[in-house]
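Shown next: final25.csv, given as CSV, C-alpha atoms (C1' of nucleotides).
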chain,number,residue,atom,x,y,z
Y,1440,MET,CA,-33.4,37.7,-1.2
Y,1441,ASN,CA,-36.1,38.1,1.5
Y,1442,SER,CA,-35.4,37.6,5.1
Y,1443,ASP,CA,-37.0,34.1,5.5
Y,1444,PHE,CA,-33.6,32.6,6.2
Y,1445,SER,CA,-32.6,34.8,9.1
Y,1446,ILE,CA,-36.1,34.5,10.5
Y,1447,ALA,CA,-36.0,30.7,10.2
Y,1448,VAL,CA,-32.6,30.7,12.0
Y,1449,HIS,CA,-34.1,32.9,14.7
Y,1450,CYS,CA,-37.1,30.6,15.2
Y,1451,VAL,CA,-34.9,27.5,15.4
Y,1452,THR,CA,-32.5,29.1,17.8
Y,1453,TYR,CA,-35.5,30.3,19.9
Y,1454,LEU,CA,-37.0,26.8,20.0
Y,1455,ALA,CA,-33.6,25.3,20.9
Y,1456,GLN,CA,-33.4,27.7,23.9
Y,1457,LYS,CA,-36.8,26.6,25.0
Y,1458,GLN,CA,-35.7,23.0,25.0
Y,1459,SER,CA,-38.6,20.8,24.2
Y,1460,GLN,CA,-41.3,23.1,25.6
Y,1461,ARG,CA,-44.0,23.9,23.1
Y,1462,VAL,CA,-44.3,27.6,22.2
Y,1463,THR,CA,-46.8,29.4,20.1
Y,1464,SER,CA,-46.2,31.5,17.0
Y,1465,GLU,CA,-47.3,34.5,19.1
Y,1466,ASP,CA,-44.4,33.8,21.6
Y,1467,ILE,CA,-41.8,33.5,18.9
Y,1468,ALA,CA,-43.2,36.7,17.2
Y,1469,GLN,CA,-42.3,38.5,20.5
Y,1470,SER,CA,-38.7,37.7,20.0
Y,1471,VAL,CA,-38.4,38.1,16.2
Y,1472,SER,CA,-40.7,41.1,15.8
Y,1473,VAL,CA,-42.5,39.6,12.8
Y,1474,HIS,CA,-46.1,38.9,12.4
Y,1475,PRO,CA,-47.2,35.5,13.7
Y,1476,ALA,CA,-49.0,34.6,10.4
Y,1477,ARG,CA,-45.7,35.1,8.5
Y,1478,LEU,CA,-43.9,33.0,11.1
Y,1479,ARG,CA,-46.3,30.2,10.8
Y,1480,LYS,CA,-45.6,30.1,7.1
Y,1481,ILE,CA,-41.9,29.9,7.7
Y,1482,LEU,CA,-42.3,27.4,10.5
Y,1483,SER,CA,-44.4,25.3,8.2
Y,1484,ILE,CA,-41.4,24.9,5.9
Y,1485,LEU,CA,-39.2,23.9,8.8
Y,1486,ARG,CA,-41.9,21.3,9.9
Y,1487,LYS,CA,-42.0,19.8,6.4
Y,1488,GLU,CA,-38.3,19.2,6.7
Y,1489,ASN,CA,-38.7,17.7,10.1
Y,1490,ILE,CA,-36.6,20.2,11.8
Y,1491,ILE,CA,-39.4,21.1,14.1
Y,1492,THR,CA,-42.8,19.6,15.2
Y,1493,SER,CA,-46.0,21.5,15.4
Y,1494,LYS,CA,-49.2,20.7,17.1
Y,1495,GLU,CA,-52.6,22.3,16.3
Y,1496,GLY,CA,-55.3,23.2,18.7
Y,1497,ALA,CA,-55.4,24.4,22.2
Y,1498,LYS,CA,-52.0,24.0,24.0
Y,1499,GLY,CA,-50.6,23.5,20.6
Y,1500,GLY,CA,-47.5,25.2,19.3
Y,1501,PHE,CA,-44.0,24.4,18.0
Y,1502,SER,CA,-41.0,22.6,19.3
Y,1503,LEU,CA,-37.6,21.5,18.1
Y,1504,ASN,CA,-37.4,18.1,16.6
Y,1505,ASP,CA,-33.6,17.6,16.3
Y,1506,SER,CA,-30.7,18.5,18.5
Y,1507,PRO,CA,-29.1,21.9,17.9
Y,1508,GLU,CA,-25.7,20.5,17.1
Y,1509,HIS,CA,-27.2,18.5,14.2
Y,1510,ILE,CA,-28.9,21.4,12.6
Y,1511,THR,CA,-26.6,23.2,10.2
Y,1512,LEU,CA,-27.3,26.5,8.6
Y,1513,ASP,CA,-26.9,25.3,5.0
Y,1514,LYS,CA,-29.9,23.1,5.5
Y,1515,ILE,CA,-32.0,26.0,6.7
Y,1516,PHE,CA,-30.7,28.1,3.9
Y,1517,LYS,CA,-31.5,25.5,1.3
Y,1518,ILE,CA,-35.1,25.1,2.3
Y,1519,THR,CA,-35.8,28.8,2.7
Y,1520,SER,CA,-33.6,30.6,0.2
Y,1521,GLU,CA,-32.0,28.2,-2.3
Y,1522,GLU,CA,-31.2,29.8,-5.6
Y,1523,THR,CA,-31.7,33.3,-4.3
Y,1524,LEU,CA,-28.0,34.0,-4.8
Y,1525,VAL,CA,-28.2,33.3,-8.6
Y,1526,PRO,CA,-28.6,36.8,-10.0
Y,1527,LYS,CA,-31.5,37.6,-12.2
Y,1528,CYS,CA,-30.3,38.4,-15.6
Y,1529,PRO,CA,-32.4,40.6,-17.8
Y,1530,ASP,CA,-33.7,38.6,-20.8
Y,1531,SER,CA,-31.0,39.8,-23.1
Y,1532,ASN,CA,-31.0,39.9,-26.9
Y,1533,GLU,CA,-31.3,36.5,-28.5
Y,1534,ASN,CA,-29.7,37.7,-31.7
Y,1535,CYS,CA,-26.5,38.8,-30.0
Y,1536,PRO,CA,-24.0,36.0,-29.4
Y,1537,ILE,CA,-23.1,37.4,-26.0
Y,1538,GLY,CA,-26.7,38.1,-24.9
Y,1539,ARG,CA,-27.8,34.7,-26.0
Y,1540,ASN,CA,-25.2,32.7,-24.1
Y,1541,LEU,CA,-24.2,34.8,-21.1
Y,1542,SER,CA,-27.1,34.2,-18.9
Y,1543,ASN,CA,-26.7,30.5,-18.9
Y,1544,ILE,CA,-23.0,30.8,-18.2
Y,1545,LEU,CA,-23.6,33.2,-15.3
Y,1546,ILE,CA,-26.2,30.9,-13.8
Y,1547,ARG,CA,-23.7,28.1,-13.9
Y,1548,VAL,CA,-21.0,30.2,-12.3
Y,1549,PHE,CA,-23.3,31.3,-9.6
Y,1550,HIS,CA,-24.4,27.8,-8.9
Y,1551,ASN,CA,-20.8,26.9,-8.2
Y,1552,ALA,CA,-20.3,30.0,-6.1
Y,1553,GLU,CA,-23.4,29.3,-4.1
Y,1554,GLU,CA,-22.0,25.8,-3.4
Y,1555,HIS,CA,-19.0,27.4,-1.8
Y,1556,PHE,CA,-21.2,29.6,0.2
Y,1557,LEU,CA,-23.3,26.6,1.4
Y,1558,ASN,CA,-20.3,24.7,2.1
Y,1559,TYR,CA,-19.3,27.2,4.7
Y,1560,LEU,CA,-22.7,27.3,6.2
Y,1561,LYS,CA,-22.6,23.6,6.6
Y,1562,GLY,CA,-19.9,24.1,9.2
Y,1563,VAL,CA,-22.1,26.3,11.4
Y,1564,THR,CA,-24.7,24.7,13.6
Y,1565,ILE,CA,-27.5,26.1,15.8
Y,1566,LYS,CA,-25.5,25.0,18.8
Y,1567,ASP,CA,-22.6,27.3,17.6
Y,1568,ILE,CA,-25.0,30.2,17.5
Y,1569,ILE,CA,-26.4,29.4,20.9
Y,1570,ASP,CA,-22.9,29.2,22.3
Y,1571,GLU,CA,-22.1,32.6,20.8
Y,1572,ILE,CA,-25.2,34.1,22.2
Y,1573,ASN,CA,-24.4,32.8,25.7
Y,1574,SER,CA,-20.9,34.0,25.6
Y,1575,SER,CA,-21.8,37.5,24.6
A,1065,MET,CA,-30.0,41.7,-4.8
A,1066,ASN,CA,-30.6,43.7,-8.0
A,1067,SER,CA,-29.1,42.7,-11.3
A,1068,ASP,CA,-26.3,45.3,-11.5
A,1069,PHE,CA,-23.7,42.5,-11.2
A,1070,SER,CA,-24.9,40.5,-14.1
A,1071,ILE,CA,-25.4,43.6,-16.2
A,1072,ALA,CA,-21.9,44.7,-15.4
A,1073,VAL,CA,-20.4,41.4,-16.4
A,1074,HIS,CA,-22.4,41.6,-19.6
A,1075,CYS,CA,-21.0,45.0,-20.4
A,1076,VAL,CA,-17.5,44.1,-19.7
A,1077,THR,CA,-17.8,40.9,-21.8
A,1078,TYR,CA,-19.3,42.9,-24.6
A,1079,LEU,CA,-16.5,45.5,-24.5
A,1080,ALA,CA,-13.9,42.7,-24.4
A,1081,GLN,CA,-15.4,41.2,-27.6
A,1082,LYS,CA,-15.2,44.6,-29.3
A,1083,GLN,CA,-11.5,44.8,-28.5
A,1084,SER,CA,-10.5,48.4,-28.0
A,1085,GLN,CA,-13.2,49.8,-30.3
A,1086,ARG,CA,-15.3,52.5,-28.6
A,1087,VAL,CA,-19.0,51.7,-28.3
A,1088,THR,CA,-21.9,53.7,-27.1
A,1089,SER,CA,-24.3,52.9,-24.2
A,1090,GLU,CA,-26.9,52.6,-27.0
A,1091,ASP,CA,-24.9,49.8,-28.6
A,1092,ILE,CA,-24.5,47.9,-25.4
A,1093,ALA,CA,-28.1,48.3,-24.6
A,1094,GLN,CA,-28.9,46.4,-27.8
A,1095,SER,CA,-27.2,43.4,-26.4
A,1096,VAL,CA,-28.2,43.6,-22.8
A,1097,SER,CA,-31.8,44.8,-23.3
A,1098,VAL,CA,-31.5,47.4,-20.6
A,1099,HIS,CA,-32.1,51.1,-20.8
A,1100,PRO,CA,-29.0,53.1,-21.8
A,1101,ALA,CA,-29.3,55.5,-18.9
A,1102,ARG,CA,-29.2,52.6,-16.5
A,1103,LEU,CA,-26.2,51.1,-18.3
A,1104,ARG,CA,-24.3,54.4,-18.1
A,1105,LYS,CA,-24.8,54.4,-14.3
A,1106,ILE,CA,-23.4,50.9,-14.1
A,1107,LEU,CA,-20.6,51.7,-16.6
A,1108,SER,CA,-19.8,54.7,-14.5
A,1109,ILE,CA,-18.9,52.4,-11.6
A,1110,LEU,CA,-16.7,50.3,-13.8
A,1111,ARG,CA,-15.0,53.4,-15.0
A,1112,LYS,CA,-14.3,54.6,-11.5
A,1113,GLU,CA,-12.6,51.3,-10.8
A,1114,ASN,CA,-10.5,51.7,-14.0
A,1115,ILE,CA,-11.9,48.6,-15.6
A,1116,ILE,CA,-13.2,50.6,-18.6
A,1117,THR,CA,-12.6,54.0,-20.1
A,1118,SER,CA,-15.2,56.4,-21.2
A,1119,LYS,CA,-15.1,59.4,-23.5
A,1120,GLU,CA,-17.8,62.0,-23.6
A,1121,GLY,CA,-19.0,63.9,-26.7
A,1122,ALA,CA,-19.4,63.1,-30.3
A,1123,LYS,CA,-17.7,59.8,-31.3
A,1124,GLY,CA,-17.5,59.1,-27.6
A,1125,GLY,CA,-18.3,55.9,-25.8
A,1126,PHE,CA,-16.8,53.1,-23.7
A,1127,SER,CA,-13.9,50.8,-24.1
A,1128,LEU,CA,-12.1,48.1,-22.1
A,1129,ASN,CA,-9.1,49.3,-20.1
A,1130,ASP,CA,-7.7,46.0,-18.9
A,1131,SER,CA,-7.2,42.6,-20.5
A,1132,PRO,CA,-10.0,40.1,-20.1
A,1133,GLU,CA,-7.8,37.6,-18.4
A,1134,HIS,CA,-7.0,40.1,-15.6
A,1135,ILE,CA,-10.6,41.0,-14.9
A,1136,THR,CA,-12.0,38.6,-12.3
A,1137,LEU,CA,-15.7,38.3,-11.4
A,1138,ASP,CA,-15.1,38.9,-7.7
A,1139,LYS,CA,-13.9,42.4,-8.5
A,1140,ILE,CA,-17.0,43.2,-10.4
A,1141,PHE,CA,-19.2,41.7,-7.7
A,1142,LYS,CA,-17.5,43.7,-5.0
A,1143,ILE,CA,-18.0,47.0,-6.7
A,1144,THR,CA,-21.5,46.4,-7.8
A,1145,SER,CA,-23.0,44.2,-5.1
A,1146,GLU,CA,-20.9,43.8,-2.1
A,1147,GLU,CA,-22.8,43.0,1.1
A,1148,THR,CA,-25.9,42.1,-0.7
A,1149,LEU,CA,-25.6,38.5,0.4
A,1150,VAL,CA,-25.9,39.5,4.0
A,1151,PRO,CA,-29.5,38.9,4.8
A,1152,LYS,CA,-31.6,41.7,6.2
A,1153,CYS,CA,-32.7,40.7,9.7
A,1154,PRO,CA,-35.8,42.3,11.0
A,1155,ASP,CA,-35.0,44.6,14.0
A,1156,SER,CA,-35.8,42.0,16.6
A,1157,ASN,CA,-36.7,42.5,20.2
A,1158,GLU,CA,-33.9,44.1,22.2
A,1159,ASN,CA,-35.3,42.7,25.4
A,1160,CYS,CA,-34.9,39.2,24.2
A,1161,PRO,CA,-31.4,37.7,24.6
A,1162,ILE,CA,-31.8,35.9,21.3
A,1163,GLY,CA,-33.3,38.8,19.4
A,1164,ARG,CA,-30.7,41.2,20.8
A,1165,ASN,CA,-27.7,39.1,19.7
A,1166,LEU,CA,-28.7,37.1,16.8
A,1167,SER,CA,-28.5,39.7,14.1
A,1168,ASN,CA,-24.9,40.5,14.8
A,1169,ILE,CA,-24.0,36.9,14.8
A,1170,LEU,CA,-25.8,36.2,11.6
A,1171,ILE,CA,-24.1,39.2,9.9
A,1172,ARG,CA,-20.8,37.8,10.9
A,1173,VAL,CA,-21.6,34.4,9.7
A,1174,PHE,CA,-22.7,35.8,6.4
A,1175,HIS,CA,-19.7,37.9,6.0
A,1176,ASN,CA,-17.6,34.7,6.2
A,1177,ALA,CA,-19.9,32.9,3.8
A,1178,GLU,CA,-19.7,35.7,1.4
A,1179,GLU,CA,-15.9,35.5,1.5
A,1180,HIS,CA,-16.1,31.9,0.4
A,1181,PHE,CA,-18.4,33.0,-2.4
A,1182,LEU,CA,-16.1,35.7,-3.5
A,1183,ASN,CA,-13.1,33.4,-3.3
A,1184,TYR,CA,-14.7,31.2,-6.0
A,1185,LEU,CA,-15.5,34.2,-8.2
A,1186,LYS,CA,-11.9,35.3,-8.0
A,1187,GLY,CA,-11.0,32.2,-10.0
A,1188,VAL,CA,-13.3,33.2,-12.9
A,1189,THR,CA,-12.1,35.8,-15.4
A,1190,ILE,CA,-13.8,37.6,-18.3
A,1191,LYS,CA,-11.6,35.6,-20.6
A,1192,ASP,CA,-13.1,32.3,-19.2
A,1193,ILE,CA,-16.5,33.6,-20.0
A,1194,ILE,CA,-15.5,34.6,-23.5
A,1195,ASP,CA,-14.0,31.2,-24.1
A,1196,GLU,CA,-17.2,29.6,-22.9
A,1197,ILE,CA,-19.3,31.7,-25.2
A,1198,ASN,CA,-17.1,30.9,-28.2
A,1199,SER,CA,-17.1,27.2,-27.5
A,1200,SER,CA,-20.9,27.1,-27.3
Q,1219,DT,C1',-68.8,23.0,23.4
Q,1220,DC,C1',-65.6,26.6,23.4
Q,1221,DA,C1',-61.3,28.9,23.7
Q,1222,DA,C1',-56.7,28.4,22.0
Q,1223,DC,C1',-54.1,27.1,18.8
Q,1224,DT,C1',-52.2,26.0,13.6
Q,1225,DG,C1',-52.6,26.2,8.4
Q,1226,DT,C1',-53.2,28.9,4.6
Q,1227,DA,C1',-55.1,32.1,1.4
Q,1228,DA,C1',-56.3,36.8,0.2
Q,1229,DT,C1',-55.7,41.6,0.5
Q,1230,DC,C1',-53.3,45.7,1.4
Q,1231,DA,C1',-49.0,48.6,2.5
Q,1232,DT,C1',-44.4,49.4,1.9
Q,1233,DT,C1',-40.1,49.1,-0.1
Q,1234,DA,C1',-36.8,47.9,-3.8
Q,1235,DT,C1',-35.9,47.7,-8.5
Q,1236,DT,C1',-36.2,49.3,-13.0
Q,1237,DA,C1',-37.5,52.2,-17.0
Q,1238,DT,C1',-38.0,56.6,-18.6
Q,1239,DT,C1',-37.4,61.4,-19.2
Q,1240,DA,C1',-34.7,65.4,-18.9
Q,1241,DC,C1',-31.0,68.1,-19.3
Q,1242,DA,C1',-26.3,70.0,-18.4
Q,1243,DG,C1',-21.7,69.2,-19.9
Q,1244,DT,C1',-18.2,67.5,-23.4
Q,1245,DT,C1',-16.3,66.8,-28.0
Q,1246,DA,C1',-15.5,66.0,-33.1
Q,1247,DG,C1',-16.0,67.9,-37.3
Q,1248,DG,C1',-17.7,71.0,-40.4
G,514,DC,C1',-18.1,78.7,-33.2
G,515,DC,C1',-22.2,75.6,-34.2
G,516,DT,C1',-24.3,71.6,-34.0
G,517,DA,C1',-25.1,66.7,-33.6
G,518,DA,C1',-23.6,62.9,-30.9
G,519,DC,C1',-22.2,61.5,-27.0
G,520,DT,C1',-21.6,60.8,-21.5
G,521,DG,C1',-23.1,61.9,-16.5
G,522,DT,C1',-26.5,62.2,-13.4
G,523,DA,C1',-30.7,63.4,-11.1
G,524,DA,C1',-35.7,63.2,-10.9
G,525,DT,C1',-39.8,60.9,-11.6
G,526,DA,C1',-42.8,57.2,-12.8
G,527,DA,C1',-44.0,52.2,-13.4
G,528,DT,C1',-43.5,47.7,-11.9
G,529,DA,C1',-42.2,43.9,-8.9
G,530,DA,C1',-40.9,41.9,-4.5
G,531,DT,C1',-41.6,41.8,0.2
G,532,DG,C1',-44.0,42.0,4.3
G,533,DA,C1',-48.1,43.0,7.5
G,534,DT,C1',-52.6,42.2,8.3
G,535,DT,C1',-57.0,40.1,8.2
G,536,DA,C1',-59.8,36.3,7.9
G,537,DC,C1',-61.3,32.0,8.6
G,538,DA,C1',-61.4,26.8,8.3
G,539,DG,C1',-59.6,23.0,10.8
G,540,DT,C1',-57.8,20.8,15.2
G,541,DT,C1',-57.5,19.9,20.0
G,542,DG,C1',-57.6,20.0,25.2
G,543,DA,C1',-60.3,20.8,29.0

The structure given in the file should be rewritten as structure tokens.
Amino acid sequence: MNSDFSIAVHCVTYLAQKQSQRVTSEDIAQSVSVHPARLRKILSILRKENIITSKEGAKGGFSLNDSPEHITLDKIFKITSEETLVPKCPDSNENCPIGRNLSNILIRVFHNAEEHFLNYLKGVTIKDIIDEINSS
Amino acid sequence: MNSDFSIAVHCVTYLAQKQSQRVTSEDIAQSVSVHPARLRKILSILRKENIITSKEGAKGGFSLNDSPEHITLDKIFKITSEETLVPKCPDSNENCPIGRNLSNILIRVFHNAEEHFLNYLKGVTIKDIIDEINSS
DNA sequence: TCAACTGTAATCATTATTATTACAGTTAGG
DNA sequence: CCTAACTGTAATAATAATGATTACAGTTGA
């Protein structure tokens, strides 16, 4: 798993703190310590899902599109990292009854496990995170 | 996440099918399609946790130490891949209130989410997997 | 028109993962 | 007690994934 998810959460949290002000990828990069070009790629995913809005050109930038209490972490996880929990199985021996079947079975098991994982994340919103930050 | 977990499950399932026969890492490698030296490293973890037994020397090899219905996937996940679900956060800006606090908050959130994940895996045993293999 | 942005692809550097080699230590069986 | 067949483990090399950086076309406000 790469760190797109945690970076995305960071971006959204950052934008939420800035209210509806428009901020540049350069600004956000200051907080996340990640290259603006990479941020823009991740922000682009969030935009396609309507979580944020972007504006090109001078005085352009990014801003939040939804309220922090409506943005749940499972949504962000799904769009940035879905399926990354499913383990890669080596392509095992097709002639072995275990090798042949195991990978599909494990993928199914992991699918279900990921669902439990997401189900928990569904209960956590950006507002929860902001509250935690403010109380610490 | 590397594929140690799925390889470990494969090994245990394989040994379970072989009953208490002793098999070599070379044998298992045939089924998993992974280098014997890597398998021995993973098998070594399983041995330390008493899931399997190993015997060195001529006629040596590996065999299962526990019954398939008692071996749950969460156990295997924990010993091979614990904490791998927690996303790596870039070391964000200490001078930014969000950067400073977010990584700890996310780690906590992911801890909890991983627990839900493991909780599901706890309900799946090696016997379940063998049954699925046999019925397919 | 130009400076300040986003959007995106291409390239390069770094890190993680995996395969392979090597060899010391153990053991069964002659 | 020798030797072939194993495990245990470290070291090295190859490959793949991730991330940083550069580059530049396209958009926009002033």

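Closest approach to Ile1491 in chain Y from the set Y:Tyr1453, Y:Tyr1559, Y:Phe1516, Y:Phe1444 is made by Y:Tyr1453, with distances taken over all atoms listed in the file.
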
Rows by chain and residue number, chain A within 10 Å of chain G, shortest pair, only C-alpha atoms (C1' of nucleotides), as JSON lines:
{"residue": "A:Thr1088", "atom": "CA", "partner": "G:DC519", "partner_atom": "C1'", "distance": 7.8}
{"residue": "A:Ser1089", "atom": "CA", "partner": "G:DT520", "partner_atom": "C1'", "distance": 8.8}
{"residue": "A:Ala1101", "atom": "CA", "partner": "G:DT522", "partner_atom": "C1'", "distance": 9.1}
{"residue": "A:Arg1104", "atom": "CA", "partner": "G:DT520", "partner_atom": "C1'", "distance": 7.7}
{"residue": "A:Lys1105", "atom": "CA", "partner": "G:DG521", "partner_atom": "C1'", "distance": 8.0}
{"residue": "A:Ser1108", "atom": "CA", "partner": "G:DG521", "partner_atom": "C1'", "distance": 8.2}
{"residue": "A:Ser1118", "atom": "CA", "partner": "G:DT520", "partner_atom": "C1'", "distance": 7.8}
{"residue": "A:Lys1119", "atom": "CA", "partner": "G:DT520", "partner_atom": "C1'", "distance": 6.9}
{"residue": "A:Glu1120", "atom": "CA", "partner": "G:DT520", "partner_atom": "C1'", "distance": 4.5}
{"residue": "A:Gly1121", "atom": "CA", "partner": "G:DC519", "partner_atom": "C1'", "distance": 4.0}
{"residue": "A:Ala1122", "atom": "CA", "partner": "G:DA518", "partner_atom": "C1'", "distance": 4.2}
{"residue": "A:Lys1123", "atom": "CA", "partner": "G:DC519", "partner_atom": "C1'", "distance": 6.5}
{"residue": "A:Gly1124", "atom": "CA", "partner": "G:DC519", "partner_atom": "C1'", "distance": 5.3}
{"residue": "A:Gly1125", "atom": "CA", "partner": "G:DC519", "partner_atom": "C1'", "distance": 6.9}
{"residue": "A:Phe1126", "atom": "CA", "partner": "G:DT520", "partner_atom": "C1'", "distance": 9.3}

Which residues come within 10 Å of Val1098 in chain A, counting all atoms listed in the file, excluding same-chain residues fewer than 6 positions away, as a list in words?
-> Pro1529, Asp1530, Ser1531 and Asn1532 of chain Y; Ile1071, Ser1089, Glu1090 and Ile1092 of chain A; DT1236 and DA1237 of chain Q

Report as a Markdown table: every residue of chain A with an atom at most 7 Å from chain Y, its closest pair of atoms, and their distance in Å to one decimal, counting all atoms listed in the file, with rows sorted by chain and ascending residue number.
| residue | atom | partner | partner_atom | distance |
| --- | --- | --- | --- | --- |
| A:Met1065 | CA | Y:Met1440 | CA | 6.4 |
| A:Ser1067 | CA | Y:Lys1527 | CA | 5.7 |
| A:Ser1070 | CA | Y:Cys1528 | CA | 6.0 |
| A:Tyr1078 | CA | Y:Ile1537 | CA | 6.8 |
| A:Gln1094 | CA | Y:Asn1532 | CA | 6.9 |
| A:Ser1095 | CA | Y:Asn1532 | CA | 5.2 |
| A:Val1096 | CA | Y:Ser1531 | CA | 4.7 |
| A:Ser1097 | CA | Y:Ser1531 | CA | 5.1 |
| A:Pro1151 | CA | Y:Ser1442 | CA | 6.0 |
| A:Lys1152 | CA | Y:Ser1442 | CA | 5.7 |
| A:Cys1153 | CA | Y:Ser1445 | CA | 5.9 |
| A:Pro1154 | CA | Y:Ser1472 | CA | 7.0 |
| A:Asp1155 | CA | Y:Ser1472 | CA | 6.9 |
| A:Ser1156 | CA | Y:Val1471 | CA | 4.7 |
| A:Asn1157 | CA | Y:Ser1470 | CA | 5.2 |
| A:Cys1160 | CA | Y:Ser1470 | CA | 5.9 |
| A:Ile1162 | CA | Y:Tyr1453 | CA | 6.9 |
| A:Gly1163 | CA | Y:Ser1470 | CA | 5.5 |
| A:Asn1165 | CA | Y:Ile1572 | CA | 6.1 |
| A:Ala1177 | CA | Y:Phe1556 | CA | 5.1 |
| A:Glu1178 | CA | Y:Phe1556 | CA | 6.4 |
| A:His1180 | CA | Y:Phe1556 | CA | 5.6 |
| A:Phe1181 | CA | Y:Phe1556 | CA | 5.1 |
| A:Tyr1184 | CA | Y:Ala1552 | CA | 5.7 |
| A:Leu1185 | CA | Y:Ala1552 | CA | 6.7 |
| A:Ile1197 | CA | Y:Asn1540 | CA | 6.1 |

Mind pulling up the distance from CA of Asp1192 in chain A to CA of Thr1136 in chain A?
-> 9.4 Å

With chain Y as the partner and 8 Å as the cut-off, tabulate the residues of chain Q that qualify, each row holding the nearest pair of atoms and their distance in Å to one decimal, using all atoms listed in the file, sorted by chain and rising number, as a tab-separated table.
residue	atom	partner	partner_atom	distance
Q:DA1221	C1'	Y:Ala1497	CA	7.6
Q:DA1222	C1'	Y:Ala1497	CA	4.2
Q:DC1223	C1'	Y:Gly1496	CA	4.1
Q:DT1224	C1'	Y:Glu1495	CA	4.6
Q:DG1225	C1'	Y:Arg1479	CA	7.8

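Going from CA of Ile1515 in chain Y over to CA of Asp1570 in chain Y, you cover 18.3 Å.
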
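Our summary of the geometry notes that CA of Leu1482 in chain Y is positioned 23.9 Å from CA of Arg1172 in chain A.
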
Go through Y:Arg1477, Y:His1509, Y:His1550, Y:Lys1561 one by one, measure the shortest atom-to-atom distance of each to Ala1447 in chain Y using only C-alpha atoms, and give the residue with the smallest value.
-> Y:Arg1477
